[in-house]
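**Q** This is start_25.txt, which holds compact mmCIF, C-alpha atoms:
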# COMPACT_ATOMS: atom_id res chain seq x y z
CA MET A 1 -9.46 0.09 10.29
CA ARG A 2 -11.18 3.35 11.18
CA LEU A 3 -9.34 6.65 11.39
CA PHE A 4 -10.27 10.18 12.36
CA VAL A 5 -8.62 13.08 10.56
CA SER A 6 -8.55 16.66 11.80
CA LEU A 7 -8.49 19.39 9.18
CA SER A 8 -9.07 23.08 8.56
CA TYR A 9 -10.53 24.74 5.50
CA ASN A 10 -11.31 28.11 4.03
CA GLY A 11 -14.85 27.74 2.75
CA ALA A 12 -14.69 30.47 0.09
CA SER A 13 -14.00 27.99 -2.74
CA PHE A 14 -16.64 25.45 -1.73
CA SER A 15 -20.39 24.96 -1.64
CA GLY A 16 -20.07 23.65 1.90
CA TRP A 17 -18.78 20.48 3.52
CA GLN A 18 -21.24 17.98 2.06
CA SER A 19 -21.01 16.52 -1.44
CA GLN A 20 -23.42 18.12 -3.91
CA LEU A 21 -24.20 17.67 -7.58
CA ASN A 22 -22.47 20.16 -9.86
CA ALA A 23 -20.82 22.10 -7.03
CA PRO A 24 -17.38 21.75 -5.36
CA SER A 25 -17.44 20.55 -1.76
CA VAL A 26 -14.86 19.99 0.95
CA GLN A 27 -15.98 16.38 1.34
CA ASP A 28 -15.31 15.62 -2.33
CA GLU A 29 -11.82 17.08 -2.14
CA VAL A 30 -10.99 15.20 1.07
CA GLU A 31 -12.22 11.90 -0.39
CA ARG A 32 -10.25 12.45 -3.61
CA THR A 33 -7.08 13.13 -1.64
CA LEU A 34 -7.40 10.19 0.74
CA SER A 35 -8.21 7.80 -2.11
CA ILE A 36 -4.97 8.81 -3.85
CA ALA A 37 -2.89 8.71 -0.68
CA PHE A 38 -4.10 5.26 0.40
CA ALA A 39 -4.43 3.86 -3.15
CA GLN A 40 -7.96 2.63 -2.43
CA PRO A 41 -11.47 4.12 -2.57
CA VAL A 42 -12.14 6.19 0.56
CA SER A 43 -15.44 7.69 1.74
CA VAL A 44 -15.53 10.14 4.64
CA VAL A 45 -18.16 11.13 7.20
CA GLY A 46 -17.82 14.59 8.66
CA ALA A 47 -18.70 15.99 12.07
CA GLY A 48 -21.51 17.98 10.47
CA ARG A 49 -22.50 20.10 7.50
CA THR A 50 -21.24 23.63 7.04
CA ASP A 51 -22.91 26.09 4.67
CA ALA A 52 -21.34 27.49 1.51
CA GLY A 53 -18.48 29.84 2.34
CA VAL A 54 -18.27 28.82 6.00
CA ASN A 55 -14.82 28.02 7.38
CA ALA A 56 -13.58 25.42 9.85
CA ARG A 57 -10.64 24.94 12.16
CA ASN A 58 -9.94 21.46 13.59
CA TYR A 59 -12.91 19.88 11.83
CA ILE A 60 -13.14 16.11 12.34
CA ALA A 61 -14.06 13.42 9.81
CA HIS A 62 -13.81 9.64 9.92
CA PHE A 63 -13.04 7.09 7.22
CA ASP A 64 -12.20 3.41 6.89
CA ILE A 65 -9.23 1.82 5.17
CA GLU A 66 -8.64 -1.85 4.46
CA ASP A 67 -7.48 -3.93 7.42
CA GLY A 68 -3.75 -4.49 7.30
CA THR A 69 -3.03 -1.26 5.51
CA VAL A 70 0.36 -0.07 6.66
CA PHE A 71 1.14 3.61 6.52
CA ASP A 72 3.45 6.17 8.04
CA ALA A 73 1.13 8.76 9.59
CA GLN A 74 3.46 11.73 9.19
CA ALA A 75 4.52 10.81 5.67
CA THR A 76 0.88 10.31 4.67
CA LEU A 77 -0.01 13.64 6.25
CA ARG A 78 2.65 15.39 4.17
CA LYS A 79 1.49 13.57 1.04
CA CYS A 80 -2.14 14.53 1.62
CA ASN A 81 -1.30 18.18 2.17
CA ALA A 82 0.65 18.20 -1.09
CA ILE A 83 -2.40 16.82 -2.94
CA LEU A 84 -5.15 18.80 -1.23
CA HIS A 85 -6.72 21.98 -2.57
CA LYS A 86 -4.80 25.00 -1.29
CA SER A 87 -7.77 25.99 0.90
CA ILE A 88 -7.66 22.74 2.93
CA CYS A 89 -5.06 21.48 5.39
CA PHE A 90 -4.85 18.17 7.27
CA HIS A 91 -3.48 18.37 10.83
CA ALA A 92 -3.39 14.81 12.18
CA PHE A 93 -4.66 11.23 11.92
CA TYR A 94 -6.11 9.35 14.90
CA LYS A 95 -6.79 5.63 15.18
CA VAL A 96 -10.21 4.99 16.75
CA THR A 97 -12.49 2.05 17.44
CA ALA A 98 -14.48 0.55 14.58
CA ASP A 99 -17.73 2.10 15.84
CA ALA A 100 -16.38 5.61 16.51
CA HIS A 101 -18.40 8.20 14.58
CA ALA A 102 -17.27 11.74 13.75
CA ARG A 103 -20.82 13.09 13.70
CA PHE A 104 -22.86 11.05 16.15
CA ASP A 105 -20.19 10.81 18.86
CA ALA A 106 -19.58 14.56 18.97
CA VAL A 107 -20.94 16.05 22.20
CA ARG A 108 -20.15 19.72 21.67
CA ARG A 109 -19.48 22.03 18.75
CA THR A 110 -18.23 25.60 18.96
CA TYR A 111 -18.62 28.31 16.32
CA ARG A 112 -17.27 31.86 16.20
CA TYR A 113 -18.52 34.71 14.04
CA HIS A 114 -16.18 37.64 13.32
CA LEU A 115 -17.43 41.17 12.79
CA HIS A 116 -15.63 44.47 12.08
CA THR A 117 -17.11 47.86 12.76
CA ALA A 118 -14.38 49.64 10.77
CA LYS A 119 -13.86 48.97 7.08
CA ASP A 120 -10.81 46.79 6.41
CA PRO A 121 -9.99 45.88 2.80
CA PHE A 122 -7.71 43.06 3.97
CA ALA A 123 -10.45 41.31 5.94
CA VAL A 124 -13.29 41.28 3.41
CA ASN A 125 -13.13 37.49 2.98
CA SER A 126 -13.11 36.57 6.67
CA LEU A 127 -14.94 39.32 8.56
CA TYR A 128 -18.39 40.85 8.27
CA PHE A 129 -18.42 44.66 8.13
CA LYS A 130 -21.15 46.22 10.25
CA PHE A 131 -21.54 49.94 10.89
CA PRO A 132 -22.53 51.60 13.12
CA ALA A 133 -21.24 49.41 15.92
CA PRO A 134 -23.96 47.40 17.70
CA ASP A 135 -24.55 47.52 21.44
CA VAL A 136 -22.48 44.56 22.71
CA GLU A 137 -23.88 44.56 26.25
CA LYS A 138 -27.43 44.52 24.94
CA MET A 139 -26.63 41.66 22.56
CA ASN A 140 -25.11 39.67 25.41
CA ARG A 141 -28.25 40.14 27.50
CA ALA A 142 -30.30 38.97 24.53
CA ALA A 143 -28.03 35.96 23.95
CA GLU A 144 -28.76 34.68 27.46
CA TYR A 145 -32.25 33.71 26.28
CA LEU A 146 -30.66 31.18 23.93
CA LEU A 147 -28.96 29.20 26.69
CA GLY A 148 -30.31 25.78 27.58
CA GLU A 149 -32.49 23.35 25.67
CA HIS A 150 -34.94 24.91 23.20
CA ASP A 151 -36.68 24.34 19.89
CA PHE A 152 -34.60 26.45 17.47
CA SER A 153 -37.02 26.23 14.52
CA SER A 154 -37.00 30.04 14.24
CA PHE A 155 -33.29 29.92 13.41
CA GLU A 156 -33.39 26.96 11.02
CA LYS A 157 -33.28 27.11 7.24
CA VAL A 158 -36.74 26.50 5.80
CA GLY A 159 -37.05 23.05 4.23
CA SER A 160 -34.39 21.36 6.34
CA ASP A 161 -34.74 17.59 6.58
CA ASN A 162 -33.78 17.00 10.22
CA THR A 163 -36.19 15.12 12.48
CA SER A 164 -35.82 17.45 15.47
CA SER A 165 -35.09 21.14 16.00
CA ILE A 166 -34.22 20.72 19.69
CA CYS A 167 -30.70 21.86 20.60
CA THR A 168 -28.92 22.59 23.88
CA VAL A 169 -26.84 25.76 23.84
CA TYR A 170 -24.07 25.84 26.46
CA GLU A 171 -22.66 29.31 25.83
CA ALA A 172 -23.49 32.29 23.62
CA PHE A 173 -21.70 35.61 24.01
CA TRP A 174 -20.08 38.55 22.24
CA GLU A 175 -16.67 39.98 23.09
CA LYS A 176 -14.54 42.85 21.84
CA ILE A 177 -11.18 41.71 20.50
CA ASP A 178 -9.98 45.23 19.80
CA GLY A 179 -11.54 48.58 19.04
CA SER A 180 -13.34 47.44 15.88
CA HIS A 181 -13.28 43.63 15.98
CA LEU A 182 -16.20 41.77 17.63
CA VAL A 183 -16.53 37.99 17.97
CA PHE A 184 -19.63 35.97 18.78
CA THR A 185 -18.99 32.53 20.32
CA VAL A 186 -21.68 29.87 20.56
CA SER A 187 -21.39 26.24 21.73
CA ALA A 188 -24.08 23.58 21.57
CA ASN A 189 -24.58 19.85 21.41
CA ARG A 190 -25.77 20.24 17.79
CA PHE A 191 -26.63 22.95 15.28
CA LEU A 192 -29.34 23.21 12.64
CA ARG A 193 -28.78 24.38 9.08
CA ASN A 194 -28.14 28.14 9.01
CA MET A 195 -28.71 28.32 12.78
CA VAL A 196 -25.63 30.31 13.78
CA ARG A 197 -25.94 32.81 10.94
CA ALA A 198 -29.62 33.39 11.77
CA ILE A 199 -28.83 33.84 15.47
CA VAL A 200 -26.10 36.37 14.69
CA GLY A 201 -28.40 38.32 12.37
CA THR A 202 -31.11 38.37 15.02
CA LEU A 203 -28.74 39.53 17.75
CA LEU A 204 -27.39 42.27 15.50
CA GLU A 205 -30.92 43.58 14.98
CA THR A 206 -31.24 43.69 18.76
CA GLY A 207 -27.89 45.42 19.15
CA GLY A 208 -28.82 47.92 16.49
CA SER A 209 -31.82 49.20 18.51
CA ARG A 210 -34.50 47.75 16.25
CA HIS A 211 -35.72 45.57 19.12
CA ASP A 212 -35.18 45.13 22.84
CA GLU A 213 -33.37 42.06 24.11
CA LYS A 214 -36.58 40.21 25.02
CA TRP A 215 -37.44 40.10 21.33
CA VAL A 216 -34.98 37.20 21.00
CA LEU A 217 -37.11 35.20 23.44
CA GLU A 218 -40.22 36.03 21.41
CA VAL A 219 -38.50 34.85 18.24
CA LEU A 220 -37.37 31.63 19.92
CA GLU A 221 -40.87 30.86 21.19
CA ALA A 222 -42.49 31.61 17.82
CA LYS A 223 -40.84 28.57 16.15
CA ASN A 224 -41.12 30.44 12.86
CA ARG A 225 -38.11 31.35 10.70
CA GLY A 226 -39.94 34.38 9.37
CA LYS A 227 -39.90 35.98 12.83
CA ALA A 228 -36.11 36.03 13.19
CA GLY A 229 -33.55 38.38 11.70
CA GLN A 230 -31.81 37.95 8.36
CA SER A 231 -28.90 35.53 8.13
CA VAL A 232 -25.46 37.10 8.01
CA PRO A 233 -22.89 36.11 5.34
CA GLY A 234 -21.07 32.80 5.77
CA GLU A 235 -17.49 33.89 5.12
CA ALA A 236 -17.08 35.33 8.64
CA LEU A 237 -18.24 32.12 10.35
CA PHE A 238 -15.76 29.55 11.68
CA LEU A 239 -16.40 26.13 13.16
CA GLU A 240 -13.72 26.26 15.83
CA GLU A 241 -13.94 22.98 17.74
CA VAL A 242 -15.65 19.60 17.84
CA ALA A 243 -15.46 17.78 21.17
CA TYR A 244 -15.82 14.06 21.90
CA PRO A 245 -16.37 12.09 25.12
CA TYR A 246 -13.07 10.27 24.60
CA GLU A 247 -9.48 11.35 24.04
CA LEU A 248 -8.09 11.40 20.52
CA THR A 249 -4.47 10.25 20.35
CA GLU A 250 -2.52 11.47 17.36
CA LEU A 251 -0.80 8.84 15.26
CA LYS A 252 2.93 9.49 14.97
Please go through the file and, once you have read it, give me the structure as structure tokens.

**A**
Amino acid sequence: MRLFVSLSYNGASFSGWQSQLNAPSVQDEVERTLSIAFAQPVSVVGAGRTDAGVNARNYIAHFDIEDGTVFDAQATLRKCNAILHKSICFHAFYKVTADAHARFDAVRRTYRYHLHTAKDPFAVNSLYFKFPAPDVEKMNRAAEYLLGEHDFSSFEKVGSDNTSSICTVYEAFWEKIDGSHLVFTVSANRFLRNMVRAIVGTLLETGGSRHDEKWVLEVLEAKNRGKAGQSVPGEALFLEEVAYPYELTELK
């Protein structure tokens, strides 16, 4: 029987989603918890990798349990949350078809990056401090060049093992939440390693008057990571949503 689980995590304590040698990962902690809760070995497949320190809300993973396993979804949810690391929370279980896939079935992913232009000691672990404030309108004009299908090699971590760097970006924009809080939202069918953090760093260089907005197009067309801006820190980045072409019905 295949199940999806939705979860959120604060990435500060982890080396990222994916299991790694000699480093704590979200995947390892989720597998440990589910194996205890279901009293059987459980392996999970996530909707995608997130970098060290990156956070997620409503992340989706799938796993299989033995046919005939009987469980109370809400009781198991409470049990899992009692076992899980304090930085991870399960939200719901969903029963899906045997071929449903958390990663390959996902059709859209949305990230948000949070930036403060005024120093805030209570937000140091979830917001990136940037002063002076960048030009938001200029960054939004620059972000328009990212829309559509492109080769995003210039925004990909060097040495990545993916077979294609082609992504389709559906939206990319900055907005002011209040006087000092800026948020960048980007949605795409897929993301490359380090892609969002490199895009944000590049847009901030544009908004800081180092380049005009057309420089982003030049970077995109160069297909060279060395042409883009520096990556911003991961702690201010949140995977906000993973969308599927079918409805997920929560198990009660």

**Q** Which polymer residues have any atom within 12 Å of an atom of A:Glu247, counting only C-alpha atoms, with same-chain residues fewer than 5 positions away left out, as a compact mmCIF listing (two decimals) with C-alpha atoms, keeping the file's coordinate frame?

**A**
# COMPACT_ATOMS: atom_id res chain seq x y z
CA PHE A 4 -10.27 10.18 12.36
CA TYR A 94 -6.11 9.35 14.90
CA LYS A 95 -6.79 5.63 15.18
CA VAL A 96 -10.21 4.99 16.75
CA THR A 97 -12.49 2.05 17.44
CA ALA A 100 -16.38 5.61 16.51
CA ASP A 105 -20.19 10.81 18.86
CA ALA A 106 -19.58 14.56 18.97

**Q** Output as a Markdown table one row per residue of stretch 88-172 of chain A within 6 Å of stretch 204-226 of chain A: the closest atom pair and its distance in Å to one decimal place, counting all atoms listed in the file, sorted by chain and residue number ascending.

**A**
| residue | atom | partner | partner_atom | distance |
| --- | --- | --- | --- | --- |
| A:Pro134 | CA | A:Gly207 | CA | 4.6 |
| A:Asp135 | CA | A:Gly207 | CA | 4.6 |
| A:Lys138 | CA | A:Gly207 | CA | 5.9 |
| A:Met139 | CA | A:Gly207 | CA | 5.2 |
| A:Ala142 | CA | A:Glu213 | CA | 4.4 |
| A:Tyr145 | CA | A:Leu217 | CA | 5.8 |
| A:Ser153 | CA | A:Lys223 | CA | 4.8 |
| A:Ser154 | CA | A:Arg225 | CA | 3.9 |
| A:Phe155 | CA | A:Arg225 | CA | 5.7 |

**Q** Could you pull the residues within 9 Å of A:Asn81, counting all atoms listed in the file, minus those fewer than 5 positions along the same chain, as an mmCIF file with C-alpha atoms, in the coordinates of the input?

**A**
data_model
loop_
_atom_site.group_PDB
_atom_site.id
_atom_site.type_symbol
_atom_site.label_atom_id
_atom_site.label_comp_id
_atom_site.auth_asym_id
_atom_site.auth_seq_id
_atom_site.Cartn_x
_atom_site.Cartn_y
_atom_site.Cartn_z
ATOM 1 C CA THR A 33 -7.080 13.130 -1.640
ATOM 2 C CA THR A 76 0.880 10.310 4.670
ATOM 3 C CA LYS A 86 -4.800 25.000 -1.290
ATOM 4 C CA ILE A 88 -7.660 22.740 2.930
ATOM 5 C CA CYS A 89 -5.060 21.480 5.390
ATOM 6 C CA PHE A 90 -4.850 18.170 7.270
ATOM 7 C CA HIS A 91 -3.480 18.370 10.830
#

**Q** Could you state the separation of atom CA of A:Leu77 and atom CA of A:Ala92 in Å, given to one decimal place?

**A**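 Computed distance, atom CA of A:Leu77 to atom CA of A:Ala92, equals 6.9 Å.
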
**Q** As a list in words, please: the residues near A:Val70 (cut-off 12 Å, all atoms listed in the file, same-chain neighbours under 6 positions excluded).

**A** Met1, Ala37, Phe38, Ala39 and Thr76 of chain A

**Q** Mind listing whatever residues come within 12 Å of the point (-34.5, 15.2, 16.4)? Use only C-alpha atoms, file coordinates, and give them as a PyMOL selection string.

**A** chain A and resi 150-153+160-168+190-192

**Q** So which one's closest to A:Tyr128, A:Phe93, A:Tyr244, A:Tyr9, A:Tyr113? Using all atoms listed in the file, please.

**A**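 Between A:Phe93, A:Tyr244, A:Tyr9, A:Tyr113, the residue approaching A:Tyr128 most closely is A:Tyr113.
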